[in-house]
Amino acid sequence: MTPNPRIERLLRELTPQVLGALVRRYGQFDMCEEAVQEALLAASLQWPEEGLPDNPRGWLVTVASRRLADQLRSESARRRREDSAAARMTVDQTMAPAPDEEQLADRDDTVTLLVLCCHPSLSQASQVALTLRAVGGLTTAEIARAFLVPESTMAQRISRAKQRIRATGTQFRMPPENELDERMTAVLHVLYLIFNEGYTSSSGPDLARGDLTWEAIRLTRAVFRLLPDDGEVAGLLALMLLTEARRPARTTPDGSLVPLAEQDRRRWNSGYIAEGVALISRTLTSAPLGQYQLQAAIAAIHDEAPTAQDTDWPQIVALYGLLQHRSPTPMVRLNRAVAVAMVHGPAAGLAMLDALDANDRIAGHHRLDAVRAHLLEMAGDLVAARSNYQKAARATTSMPEKRYLEARAAHLMDVEAD
Amino acid sequence: MKYMLMIYNNPATMQEMTDQERNGILTQVDMIMKELTESGELVGGEALADPSTAKTVRVRGGVETATDGPFAEAKEQLAGYLTVECETEARAIEIAARWPDAQYCAMEVRAVLDTAGMEM
């Protein structure tokens, strides 16, 4: 059976609503999540054959509730004791929509579910996997393919994550006001990780990973619809759109990386750029500043430059200054050094890198060596540039980066020989 | 990040072990495998047959030769591998340190190249 894209899309969109409705009614996030997956599978098999039901969401809630009742019954039989939830639940309740169904239908639980899936007791890999399954509606097999691990590995990761959440006794509701900021930061970080996982993948055999950018944008859009006044949500969505816009140009058909300055800008997605620029411009004037907004603003400047030479580097330096003030991470300082080199020359940038050598968090990192190589090349010191490209090529754990850095080093050897 | 944990041992040492020692190793290995499976960190792995069963293949000037025995002549040989996906390199090293062969010979921990990459 070939999957029907329209139905698959509808199912993914309905997933958090159906799961939210179930968890609200019956509690037991882990078992409800299992039941919803089974209902999604049933729908993806039946709907293409029999057509869409009149109320797809109601259909899924009913089927998932029935599966949940089955699960609870067999579990309580196995344990030889009455499970309180199973006891509370009558067959009638599972067969027909509950009286509060209409009221529940108005409610969108996406954000509450995201906050739950990004629970601080979970590892980042588990937060990502659980988010994609419980909120994104992806199957375990799809997630496993996207992360290049066996399905059994991914299944264990998800089931362990659900056990952990169950063990913490976390309730299905938004966290108290004083924890909300921190929890939302974790949610946005997970969405960003999902996006990056897809964006950094090469083309070709990794198409499944590329779909992750689309998933991340879809989920971030959903959060943005629910929290339109949150500047960082808008900033993250803008950042994703402005970055995704460049994807057609960032690799060659064989998967080689093309640096920003050498990308064919005609291949950038102008629709995403327009949407991202409008979003970030509006947000910067109305919301408190945050790191995703600043990164989106930097991406917007790159995207709006008709050629690499037209890039407004002084403004990028200023934005990195603001970003470094809020989050003085070595990566931000490294990127700022590149921008400074573009405005004040390579020597100024190289001097900033020397300060980073003393920083344990980035000393010996391949990106530091790669940036140094690039600035040395700009400065005309080709011998030192080549050895730094080689050093970076040895240190990276990414195949396309390794190839790019090795090619760069080899190119300098040719230049010297000429 | 995915890491390959390469298991090195000396087949001669393994043969001289008592049943008790051997069973102790198997129990330890089973325990680690169970833990890695449950945590969702285990990506794959295989145990290899004795190095004496290896064939080393070379092509020189378009001519293919296959000689008996492993590529590197050494007492210590690759005996198998695990691929794990861990949050940190420190965790991969911790798993390697608990693998019994770390006590008798050595484990080599190496990152697996990712097909993803950032523009430089």
# chains A, B, ... in the order shown; residues from 1 in each chain; ligands from 1
$ select_by_dssp --residues "region 82-292 of chain A" --states "helix (DSSP H, G or I)" --output "PyMOL selection string"
chain A and resi 84-88+91-95+101-105+110-117+124-135+140-146+151-168+177-199+204-226+231-244+247-250+260-262+265-267+270-286+291-292
$ closest_atom_pairs --of "chain A" --to "chain B" --cutoff "6 Å" --atoms "only C-alpha atoms" --output "JSON lines"
{"residue": "A:Val149", "atom": "CA", "partner": "B:Val43", "partner_atom": "CA", "distance": 5.8}
{"residue": "A:Thr153", "atom": "CA", "partner": "B:Gly40", "partner_atom": "CA", "distance": 4.7}
{"residue": "A:Gln156", "atom": "CA", "partner": "B:Gly40", "partner_atom": "CA", "distance": 4.9}
{"residue": "A:Arg157", "atom": "CA", "partner": "B:Gly40", "partner_atom": "CA", "distance": 4.4}
{"residue": "A:Thr200", "atom": "CA", "partner": "B:Ala116", "partner_atom": "CA", "distance": 4.9}
{"residue": "A:Ser201", "atom": "CA", "partner": "B:Ala116", "partner_atom": "CA", "distance": 4.0}
{"residue": "A:Ser202", "atom": "CA", "partner": "B:Ala116", "partner_atom": "CA", "distance": 5.9}
{"residue": "A:Pro259", "atom": "CA", "partner": "B:Glu119", "partner_atom": "CA", "distance": 5.2}
{"residue": "A:Thr397", "atom": "CA", "partner": "B:Leu113", "partner_atom": "CA", "distance": 4.7}
{"residue": "A:Ser398", "atom": "CA", "partner": "B:Asp114", "partner_atom": "CA", "distance": 4.5}
{"residue": "A:Met399", "atom": "CA", "partner": "B:Thr115", "partner_atom": "CA", "distance": 5.3}
{"residue": "A:Pro400", "atom": "CA", "partner": "B:Gly117", "partner_atom": "CA", "distance": 5.6}
{"residue": "A:Glu401", "atom": "CA", "partner": "B:Gly117", "partner_atom": "CA", "distance": 5.5}
$ atom_distance --atom1 "CA of Glu406 (chain A)" --atom2 "CA of Arg266 (chain A)"
27.5 Å
$ select_by_dssp --residues "region 9-82 of chain B" --states "strand (DSSP E)" --output "compact mmCIF listing (two decimals) with C-alpha atoms, in the first residue's frame"
# COMPACT_ATOMS: atom_id res chain seq x y z
CA ASN B 9 41.83 -9.64 22.68
CA LEU B 42 22.78 -0.05 21.37
CA VAL B 43 22.88 0.46 17.61
CA GLY B 44 24.54 -2.80 16.58
CA GLY B 45 27.47 -5.14 16.98
CA GLU B 46 28.93 -8.47 15.99
CA ALA B 47 31.38 -10.98 17.43
CA LYS B 55 41.29 -14.05 4.58
CA THR B 56 43.18 -10.90 3.67
CA VAL B 57 42.37 -9.64 0.20
CA ARG B 58 44.62 -7.40 -1.89
CA VAL B 59 44.46 -6.19 -5.46
CA ARG B 60 47.80 -5.21 -7.02
CA VAL B 63 45.44 -8.92 -9.78
CA GLU B 64 43.45 -10.15 -6.81
CA THR B 65 45.08 -12.29 -4.12
CA ALA B 66 43.52 -13.72 -0.96
CA THR B 67 45.92 -14.91 1.71
CA ASP B 68 45.04 -16.84 4.87
CA GLN B 77 43.31 -9.10 17.26
CA LEU B 78 39.94 -7.50 16.62
CA ALA B 79 37.41 -9.87 18.18
CA GLY B 80 34.22 -7.95 17.56
CA TYR B 81 32.61 -4.55 17.89
CA LEU B 82 29.65 -2.69 19.32
$ residues_around --residues "Leu237 (chain A)" --least-positions-apart "3" --cutoff "8 Å" --atoms "only C-alpha atoms" --output "list in words"
Ile217, Thr220, Arg221, Phe224, Val233, Ala234, Met240, Leu241 and Gly276 of chain A
$ atom_distance --atom1 "CA of Arg267 (chain A)" --atom2 "CA of Asp310 (chain A)"
17.2 Å
